file structure-v7.cif (mmCIF, C-alpha atoms and all ligand atoms)
data_my_file
loop_
_atom_site.label_atom_id
_atom_site.label_comp_id
_atom_site.auth_asym_id
_atom_site.auth_seq_id
_atom_site.Cartn_x
_atom_site.Cartn_y
_atom_site.Cartn_z
CA MET A 363 -34.78 14.06 112.75
CA ASP A 364 -37.23 14.85 115.54
CA ARG A 365 -40.31 12.71 115.77
CA GLU A 366 -43.71 14.29 115.20
CA ILE A 367 -46.36 12.81 117.47
CA ILE A 368 -50.05 13.68 117.52
CA HIS A 369 -52.28 12.78 120.46
CA ILE A 370 -56.01 12.81 119.80
CA ASP A 371 -58.51 12.73 122.64
CA MET A 372 -62.23 12.95 121.95
CA ASP A 373 -64.19 15.45 124.04
CA ALA A 374 -66.61 13.89 126.55
CA PHE A 375 -66.86 11.00 124.11
CA TYR A 376 -69.88 8.97 125.30
CA ALA A 377 -71.89 12.03 126.32
CA ALA A 378 -71.05 13.85 123.08
CA ILE A 379 -72.29 10.89 121.02
CA GLU A 380 -75.55 10.84 122.95
CA GLN A 381 -75.99 14.58 122.47
CA ARG A 382 -75.26 14.24 118.77
CA ASP A 383 -77.85 11.50 118.35
CA ASN A 384 -80.55 13.22 120.34
CA PRO A 385 -80.80 16.97 119.70
CA ASN A 386 -82.95 17.36 122.84
CA LEU A 387 -79.83 16.66 124.90
CA LYS A 388 -77.76 19.45 123.34
CA GLY A 389 -76.59 22.03 125.85
CA LYS A 390 -77.86 19.95 128.77
CA PRO A 391 -75.97 18.16 131.52
CA VAL A 392 -75.74 14.57 130.26
CA ILE A 393 -74.22 11.86 132.40
CA VAL A 394 -73.47 8.48 130.88
CA GLY A 395 -72.81 5.72 133.32
CA GLY A 396 -75.48 3.17 133.81
CA VAL A 397 -78.77 3.71 135.47
CA ARG A 398 -78.14 1.35 138.36
CA SER A 399 -77.99 3.33 141.55
CA ARG A 400 -74.65 1.70 142.31
CA GLY A 401 -73.04 2.56 138.99
CA VAL A 402 -70.26 5.03 138.30
CA VAL A 403 -70.08 7.97 135.90
CA CYS A 404 -68.26 7.03 132.70
CA THR A 405 -68.52 10.38 130.95
CA ALA A 406 -70.10 13.68 131.89
CA SER A 407 -70.89 16.30 129.27
CA TYR A 408 -69.22 19.69 129.75
CA GLU A 409 -72.54 21.08 130.95
CA ALA A 410 -72.57 18.43 133.72
CA ARG A 411 -68.95 19.09 134.68
CA ILE A 412 -69.94 22.60 135.75
CA TYR A 413 -71.81 20.92 138.62
CA GLY A 414 -68.65 19.08 139.65
CA VAL A 415 -69.64 15.78 138.08
CA HIS A 416 -66.70 13.81 136.72
CA SER A 417 -65.88 10.32 135.53
CA ALA A 418 -65.40 7.55 138.11
CA MET A 419 -67.74 9.33 140.52
CA PRO A 420 -70.53 7.15 141.92
CA ILE A 421 -73.82 7.92 140.17
CA LYS A 422 -75.39 8.52 143.57
CA VAL A 423 -72.99 11.39 144.24
CA ALA A 424 -73.53 12.77 140.74
CA ARG A 425 -77.30 12.77 141.28
CA ARG A 426 -76.84 14.77 144.43
CA LEU A 427 -74.63 17.35 142.68
CA CYS A 428 -76.67 17.50 139.53
CA PRO A 429 -80.26 16.41 140.24
CA ASN A 430 -81.55 17.81 136.95
CA GLY A 431 -78.97 15.96 134.88
CA ILE A 432 -80.00 13.49 132.22
CA TYR A 433 -78.68 10.06 133.22
CA LEU A 434 -78.18 7.55 130.43
CA PRO A 435 -77.01 3.95 130.34
CA VAL A 436 -73.75 3.06 128.63
CA ASN A 437 -74.40 2.07 125.03
CA MET A 438 -71.02 0.49 124.41
CA GLU A 439 -71.95 -1.07 121.08
CA LYS A 440 -72.70 2.35 119.67
CA TYR A 441 -69.50 3.91 121.04
CA LYS A 442 -67.42 1.06 119.61
CA GLU A 443 -68.92 1.73 116.19
CA VAL A 444 -68.00 5.41 116.43
CA SER A 445 -64.52 4.43 117.59
CA LYS A 446 -64.09 2.32 114.45
CA GLU A 447 -65.07 5.26 112.29
CA LEU A 448 -62.61 7.38 114.18
CA HIS A 449 -59.79 4.96 113.51
CA ARG A 450 -60.68 4.86 109.84
CA ILE A 451 -60.02 8.59 109.83
CA PHE A 452 -56.68 8.17 111.65
CA LYS A 453 -55.56 5.55 109.15
CA ARG A 454 -55.81 8.05 106.32
CA TYR A 455 -53.01 10.01 107.91
CA SER A 456 -50.67 7.48 109.49
CA SER A 457 -49.96 3.77 109.57
CA LYS A 458 -48.35 4.13 112.99
CA ILE A 459 -51.29 4.37 115.35
CA GLU A 460 -51.28 3.47 119.01
CA PRO A 461 -54.82 3.41 120.38
CA ILE A 462 -54.79 3.89 124.13
CA SER A 463 -58.50 3.74 124.77
CA ILE A 464 -61.76 3.81 122.88
CA ASP A 465 -61.44 7.55 122.24
CA GLU A 466 -57.72 8.28 122.42
CA ALA A 467 -54.73 7.49 120.23
CA PHE A 468 -51.20 8.49 119.34
CA LEU A 469 -50.20 8.92 115.71
CA ASP A 470 -46.60 9.03 114.57
CA VAL A 471 -46.43 11.37 111.55
CA THR A 472 -42.67 11.97 111.57
CA GLY A 473 -41.44 13.64 108.39
CA GLU A 474 -44.78 15.19 107.60
CA ASN A 475 -46.53 18.42 108.48
CA SER A 476 -48.08 17.47 111.80
CA LEU A 477 -50.04 20.71 112.16
CA ILE A 478 -51.81 20.33 108.81
CA ILE A 479 -52.51 16.65 109.57
CA ALA A 480 -53.94 17.48 112.99
CA GLN A 481 -56.16 20.19 111.48
CA ASN A 482 -57.38 17.78 108.82
CA ILE A 483 -58.13 15.05 111.35
CA LYS A 484 -60.17 17.49 113.42
CA LYS A 485 -62.01 18.63 110.29
CA ASP A 486 -62.77 15.06 109.24
CA ILE A 487 -64.00 14.13 112.71
CA LEU A 488 -66.31 17.13 112.83
CA LYS A 489 -67.62 16.66 109.30
CA GLU A 490 -68.03 12.89 109.32
CA LEU A 491 -68.84 12.16 112.95
CA GLN A 492 -70.21 15.54 114.11
CA LEU A 493 -67.92 15.30 117.16
CA THR A 494 -64.99 17.31 118.46
CA ALA A 495 -61.57 16.23 119.59
CA SER A 496 -58.75 17.89 121.46
CA VAL A 497 -55.41 17.42 119.83
CA GLY A 498 -51.83 17.83 120.99
CA ILE A 499 -48.68 17.87 118.89
CA SER A 500 -45.11 17.48 120.02
CA THR A 501 -41.91 15.52 119.56
CA ASN A 502 -42.88 12.68 121.90
CA LYS A 503 -45.85 10.92 123.47
CA PHE A 504 -45.57 12.52 126.91
CA LEU A 505 -45.57 16.08 125.56
CA ALA A 506 -48.22 15.36 122.92
CA LYS A 507 -50.57 14.01 125.57
CA LEU A 508 -49.98 17.01 127.81
CA ALA A 509 -50.58 19.30 124.85
CA SER A 510 -53.98 17.76 124.09
CA ASP A 511 -54.99 18.57 127.66
CA VAL A 512 -54.11 22.26 127.42
CA LYS A 513 -57.30 23.31 125.70
CA LYS A 514 -60.48 21.31 125.91
CA PRO A 515 -62.90 20.91 124.25
CA ASP A 516 -62.00 21.32 120.58
CA GLY A 517 -58.39 22.35 121.26
CA LEU A 518 -55.28 22.15 119.14
CA THR A 519 -52.00 22.78 120.95
CA VAL A 520 -48.40 22.45 119.85
CA ILE A 521 -45.57 22.14 122.36
CA ARG A 522 -42.28 22.74 120.58
CA LYS A 523 -39.19 20.98 121.84
CA GLU A 524 -37.52 24.24 122.78
CA GLU A 525 -40.58 25.40 124.77
CA ALA A 526 -40.90 22.16 126.73
CA VAL A 527 -38.79 23.01 129.79
CA LYS A 528 -40.53 26.34 130.29
CA PHE A 529 -43.95 24.83 129.66
CA LEU A 530 -43.41 22.03 132.17
CA LYS A 531 -41.86 24.17 134.92
CA PRO A 532 -45.06 25.49 136.63
CA LEU A 533 -47.09 22.26 136.33
CA PRO A 534 -47.74 20.08 139.38
CA VAL A 535 -45.74 16.84 139.49
CA SER A 536 -48.96 14.85 139.07
CA CYS A 537 -48.84 15.89 135.39
CA LEU A 538 -45.83 13.63 134.89
CA TRP A 539 -46.54 10.30 133.31
CA GLY A 540 -46.88 7.62 135.94
CA VAL A 541 -46.86 9.92 138.96
CA GLY A 542 -49.93 8.82 140.93
CA PRO A 543 -51.09 10.06 144.34
CA LYS A 544 -48.58 7.85 146.17
CA MET A 545 -45.50 8.98 144.26
CA GLU A 546 -46.80 12.54 144.46
CA ARG A 547 -46.86 12.34 148.26
CA GLU A 548 -43.32 10.94 148.29
CA LEU A 549 -42.11 13.77 146.07
CA ASN A 550 -43.88 16.33 148.25
CA LYS A 551 -42.04 14.91 151.25
CA ILE A 552 -38.70 15.93 149.75
CA GLY A 553 -39.97 19.37 148.81
CA ILE A 554 -40.92 18.64 145.20
CA TYR A 555 -44.32 20.04 144.21
CA PHE A 556 -43.83 21.32 140.69
CA ILE A 557 -42.06 19.91 137.68
CA GLY A 558 -39.67 22.86 137.95
CA ASP A 559 -38.60 21.51 141.35
CA ILE A 560 -37.51 18.28 139.66
CA GLN A 561 -35.63 20.18 136.96
CA ARG A 562 -33.57 21.80 139.70
CA TYR A 563 -33.11 18.62 141.72
CA ASP A 564 -29.91 16.58 141.75
CA ILE A 565 -30.54 13.62 139.47
CA ASP A 566 -28.29 11.34 141.53
CA VAL A 567 -30.35 12.00 144.65
CA LEU A 568 -33.55 11.26 142.72
CA ILE A 569 -32.09 7.98 141.50
CA SER A 570 -30.94 7.05 144.99
CA ILE A 571 -34.49 7.55 146.30
CA PHE A 572 -36.63 6.32 143.43
CA GLY A 573 -34.30 4.09 141.41
CA LYS A 574 -35.14 3.85 137.72
CA ARG A 575 -38.29 5.94 138.22
CA GLY A 576 -36.07 8.78 139.46
CA LYS A 577 -34.23 8.97 136.15
CA GLU A 578 -37.51 8.66 134.26
CA ILE A 579 -39.22 11.57 136.00
CA TYR A 580 -36.06 13.66 135.68
CA ASP A 581 -36.10 13.06 131.92
CA PHE A 582 -39.82 13.76 131.73
CA SER A 583 -39.29 17.03 133.60
CA TYR A 584 -37.07 18.14 130.71
CA GLY A 585 -39.61 16.90 128.16
CA ILE A 586 -37.57 13.83 127.22
CA ASP A 587 -39.52 10.67 126.43
CA PRO A 588 -37.91 8.07 124.19
CA ARG A 589 -40.88 5.68 124.03
CA PRO A 590 -41.99 4.99 120.48
CA VAL A 591 -45.58 4.83 119.27
CA GLU A 592 -46.45 1.15 119.75
CA VAL A 593 -48.82 -0.38 117.31
CA HIS A 594 -49.44 -3.45 119.49
CA ILE A 595 -49.65 -4.12 123.18
CA ILE A 596 -46.33 -5.46 124.36
CA ASN A 597 -47.19 -6.21 127.97
CA GLN A 598 -48.72 -9.54 128.57
CA SER A 599 -51.29 -8.11 130.91
CA ILE A 600 -53.13 -4.89 131.55
CA GLY A 601 -54.50 -3.69 134.83
CA GLU A 602 -55.62 -0.86 137.04
CA GLU A 603 -55.50 -0.41 140.77
CA GLU A 604 -56.07 2.31 143.29
CA THR A 605 -55.12 2.89 146.91
CA PHE A 606 -57.99 4.49 148.76
CA GLN A 607 -57.44 7.67 150.74
CA GLU A 608 -58.96 5.90 153.70
CA ASP A 609 -59.58 2.20 154.35
CA ILE A 610 -62.79 0.93 152.83
CA LYS A 611 -65.28 -1.46 154.37
CA SER A 612 -68.10 -1.00 151.89
CA PRO A 613 -68.43 -3.76 149.26
CA GLU A 614 -70.45 -1.29 147.21
CA ILE A 615 -67.48 1.03 146.73
CA LEU A 616 -65.23 -1.91 145.83
CA ILE A 617 -67.74 -3.11 143.28
CA ASN A 618 -67.97 0.40 141.81
CA ARG A 619 -64.20 0.42 141.34
CA LEU A 620 -64.29 -2.97 139.65
CA GLU A 621 -66.96 -1.73 137.28
CA PHE A 622 -64.93 1.33 136.43
CA TYR A 623 -61.76 -0.71 135.84
CA SER A 624 -63.71 -3.24 133.75
CA ILE A 625 -64.98 -0.52 131.43
CA ASN A 626 -61.57 1.12 131.05
CA LEU A 627 -59.68 -2.10 130.51
CA ALA A 628 -62.27 -3.50 128.09
CA ASN A 629 -61.95 -0.28 126.09
CA LYS A 630 -58.23 -0.86 125.82
CA LEU A 631 -58.74 -4.43 124.67
CA VAL A 632 -61.31 -3.43 122.09
CA SER A 633 -59.19 -0.63 120.72
CA LYS A 634 -56.19 -2.92 120.30
CA GLY A 635 -58.13 -5.95 119.05
CA TYR A 636 -57.16 -8.21 121.96
CA LEU A 637 -59.08 -10.75 123.97
CA ILE A 638 -58.23 -12.01 127.44
CA ARG A 639 -58.85 -15.21 129.32
CA THR A 640 -57.70 -14.56 132.88
CA ILE A 641 -59.20 -12.08 135.31
CA THR A 642 -57.37 -11.33 138.56
CA VAL A 643 -58.62 -9.30 141.48
CA LYS A 644 -56.06 -7.98 143.95
CA VAL A 645 -56.88 -6.76 147.42
CA LYS A 646 -54.61 -5.17 149.98
CA TYR A 647 -56.05 -5.23 153.49
CA ASN A 648 -55.46 -2.56 156.10
CA ASP A 649 -52.86 -4.81 157.76
CA PHE A 650 -50.95 -4.60 154.43
CA THR A 651 -51.43 -8.25 153.53
CA VAL A 652 -52.06 -8.69 149.83
CA GLU A 653 -54.20 -11.38 148.25
CA THR A 654 -54.86 -12.08 144.60
CA ARG A 655 -57.48 -14.43 143.20
CA SER A 656 -57.95 -15.33 139.56
CA MET A 657 -60.37 -16.99 137.26
CA THR A 658 -59.66 -18.25 133.76
CA LEU A 659 -62.46 -18.28 131.23
CA ASN A 660 -63.09 -20.97 128.65
CA ILE A 661 -64.02 -18.42 126.04
CA PRO A 662 -61.77 -15.37 125.61
CA THR A 663 -63.51 -12.03 125.93
CA ASN A 664 -63.19 -8.27 125.60
CA ASP A 665 -66.66 -7.56 126.93
CA GLU A 666 -66.73 -5.18 129.87
CA LYS A 667 -69.96 -6.68 131.22
CA ILE A 668 -68.43 -10.17 131.41
CA ILE A 669 -65.21 -8.84 132.92
CA PHE A 670 -67.18 -6.88 135.52
CA LYS A 671 -69.46 -9.82 136.34
CA ILE A 672 -66.57 -12.23 136.83
CA SER A 673 -64.46 -9.79 138.85
CA LYS A 674 -67.46 -9.13 141.09
CA GLN A 675 -67.89 -12.88 141.62
CA ILE A 676 -64.22 -13.25 142.48
CA LEU A 677 -64.45 -10.40 144.97
CA SER A 678 -67.49 -11.70 146.78
CA ASN A 679 -66.58 -15.41 146.74
CA LYS A 680 -62.86 -15.41 147.35
CA PHE A 681 -62.09 -12.54 149.67
CA SER A 682 -63.06 -11.82 153.24
CA LEU A 683 -64.95 -8.58 152.94
CA ASP A 684 -65.37 -8.08 156.66
CA LYS A 685 -61.84 -6.66 156.87
CA SER A 686 -61.01 -3.08 155.89
CA ILE A 687 -59.40 -2.72 152.49
CA ARG A 688 -56.70 -0.28 151.39
CA LEU A 689 -56.41 -1.12 147.74
CA ILE A 690 -58.31 -2.92 145.04
CA GLY A 691 -56.95 -3.83 141.63
CA LEU A 692 -58.05 -5.65 138.52
CA THR A 693 -55.67 -7.29 136.06
CA LEU A 694 -56.47 -8.98 132.77
CA SER A 695 -53.96 -11.45 131.42
CA ASN A 696 -53.58 -14.37 129.07
CA LEU A 697 -53.90 -11.94 126.19
CA ILE A 698 -54.89 -13.38 122.88
CA TYR A 699 -54.36 -11.76 119.55
CA PRO A 700 -56.74 -13.62 117.28
CA GLU A 701 -55.61 -15.04 113.97
CA ASP A 702 -58.51 -13.47 112.19
CA PRO A 703 -58.44 -9.83 113.11
CA ILE A 704 -61.40 -8.93 110.90
CA GLN A 705 -63.68 -10.85 113.20
CA LEU A 706 -62.62 -8.56 115.99
CA SER A 707 -63.04 -5.44 113.97
CA MET A 708 -59.36 -4.66 113.79
CA GLU A 709 -60.40 -1.84 111.53
CA ILE A 710 -60.34 0.36 114.62
MG MG A 801 -61.56 11.73 125.91
#
call {"tool": "encode", "arguments": {"input": "structure-v7.cif", "output": "structure tokens"}}
result
Amino acid sequence: MDREIIHIDMDAFYAAIEQRDNPNLKGKPVIVGGVRSRGVVCTASYEARIYGVHSAMPIKVARRLCPNGIYLPVNMEKYKEVSKELHRIFKRYSSKIEPISIDEAFLDVTGENSLIIAQNIKKDILKELQLTASVGISTNKFLAKLASDVKKPDGLTVIRKEEAVKFLKPLPVSCLWGVGPKMERELNKIGIYFIGDIQRYDIDVLISIFGKRGKEIYDFSYGIDPRPVEVHIINQSIGEEETFQEDIKSPEILINRLEFYSINLANKLVSKGYLIRTITVKVKYNDFTVETRSMTLNIPTNDEKIIFKISKQILSNKFSLDKSIRLIGLTLSNLIYPEDPIQLSMEI
């Protein structure tokens, strides 16, 4: 039997909550992301996106693009509460839930009517939380996630197994799971720009160039993704990193990235009920040398402010910031799954 997977992604989550709670903000460009001039945008309302504002953009740049926007600090406590409510709704419909961030999750509803369930979840979210979500349905996680992206906000899209190959064909390769800017450039080099190009490519050549990843992207290009919905984190660490388009010498930009990673990674921890003890910052210099420096906390945490503060300290105390930097990364490890999940609001 085919699996039935639903991917739910809330629309402009933080900004939508702020607009819900303050009717004066409705229909206006709202940017949530800290009021510090050095902060980054966490969420922009759809009205703000029209001006080109998007998440991860420095607030300074956003202010230039959208000077009349309403800039609000991140009220994480409030968003976590809403996230809990959201997961209470999910739990009505499936016991197999894989939260992937504070506002996104996969549900495995195999054997049931996924379309009716998705409609009901959307209805419940609107009625109980006065928020909208975009939902995708398919036979695996990769396709379900793509489907939820097709129509936003307030979308509901089904990609049937037999439509997958045709659906994927015209999309850029960056839509494939795990294809970042670097892999995209490597694919472009061998003439692959669209997923259809991969479908036509010789799988053996792909494997000879990219190894295991070659087989993976070939399978993805045909809509094949065997990964199950995972209720718990399996990896022993989580992290994010980014190679800059050009070498960076500004500590401010590096700190912005760390803040952005801290928020994203803390969201993941919170949504899965994990705490971490070790924070590692990785830096690749423009001469390609790589250094990592870690700090282990006495008290485990999932608080993005603590993670950001510590990672910032590591960056400024343990790296030589007078050299140009190509890449910065943040990894959280020493994951702890507490005995008493209630304490950590495992309800979500
Ligand atoms: Mg979202």
call {"tool": "closest_residue", "arguments": {"input": "structure-v7.cif", "among": "A:Leu689, A:Ile432, A:Ile521, A:Ile462", "to": "Ile600 (chain A)", "atoms": "only C-alpha atoms"}}
result
A:Ile462
call {"tool": "residues_near_ligand", "arguments": {"input": "structure-v7.cif", "ligand": "ligand MG 801 (chain A)", "cutoff": "9 Å", "atoms": "only C-alpha atoms and all ligand atoms", "output": "PyMOL selection string"}}
result
chain A and resi 370-376+405+463-466+495-496
call {"tool": "atom_distance", "arguments": {"input": "structure-v7.cif", "atom1": "CA of Lys453 (chain A)", "atom2": "CA of Leu477 (chain A)"}}
result
16.4 Å
call {"tool": "atom_distance", "arguments": {"input": "structure-v7.cif", "atom1": "CA of Trp539 (chain A)", "atom2": "CA of Phe504 (chain A)"}}
result
6.8 Å
call {"tool": "residues_around", "arguments": {"input": "structure-v7.cif", "residues": "Lys390 (chain A)", "least_positions_apart": "5", "cutoff": "9 Å", "atoms": "only C-alpha atoms", "output": "number ranges by chain"}}
result
A: 381, 407-410, 431-432
call {"tool": "atom_distance", "arguments": {"input": "structure-v7.cif", "atom1": "CA of Leu631 (chain A)", "atom2": "CA of Val423 (chain A)"}}
result
28.9 Å
call {"tool": "closest_residue", "arguments": {"input": "structure-v7.cif", "among": "A:Leu620, A:Ile393, A:Leu488, A:Ala526", "to": "Ile586 (chain A)", "atoms": "all atoms listed in the file"}}
result
A:Ala526
call {"tool": "residues_around", "arguments": {"input": "structure-v7.cif", "residues": "Thr658 (chain A)", "least_positions_apart": "5", "cutoff": "7 Å", "atoms": "all atoms listed in the file", "output": "PyMOL selection string"}}
result
chain A and resi 639-641
call {"tool": "residues_near_point", "arguments": {"input": "structure-v7.cif", "point": "(-35.9, 12.1, 141.4)", "cutoff": "12 Å", "atoms": "only C-alpha atoms", "output": "PyMOL selection string"}}
result
chain A and resi 535+538+541+545-546+548-555+557-583
call {"tool": "residues_near_point", "arguments": {"input": "structure-v7.cif", "point": "(-57.7, -7.4, 147.8)", "cutoff": "9 Å", "atoms": "all atoms listed in the file", "output": "list in words"}}
result
Val643, Lys644, Val645, Lys646, Tyr647, Thr651, Val652, Glu653, Thr654, Arg655, Leu677, Phe681, Ser682, Leu683, Ile687, Arg688, Leu689, Ile690 and Gly691 of chain A
call {"tool": "closest_residue", "arguments": {"input": "structure-v7.cif", "among": "A:Lys484, A:Gly389, A:Pro543, A:Val512", "to": "Phe529 (chain A)", "atoms": "only C-alpha atoms"}}
result
A:Val512
call {"tool": "residues_around", "arguments": {"input": "structure-v7.cif", "residues": "Thr663 (chain A)", "least_positions_apart": "4", "cutoff": "10 Å", "atoms": "all atoms listed in the file", "output": "ChimeraX atom specification"}}
result
/A:628,631-632,636-640,659,667-669,697-698
call {"tool": "closest_residue", "arguments": {"input": "structure-v7.cif", "among": "A:Ile661, A:Val520, A:Val591, A:Val471", "to": "Ile499 (chain A)", "atoms": "all atoms listed in the file"}}
result
A:Val520
call {"tool": "closest_residue", "arguments": {"input": "structure-v7.cif", "among": "A:Lys671, A:Ile368, A:Thr642, A:Leu694", "to": "Ala509 (chain A)", "atoms": "only C-alpha atoms"}}
result
A:Ile368
call {"tool": "closest_residue", "arguments": {"input": "structure-v7.cif", "among": "A:Gly395, A:Lys442, A:Gly498, A:Gly473", "to": "Met363 (chain A)", "atoms": "only C-alpha atoms"}}
result
A:Gly473
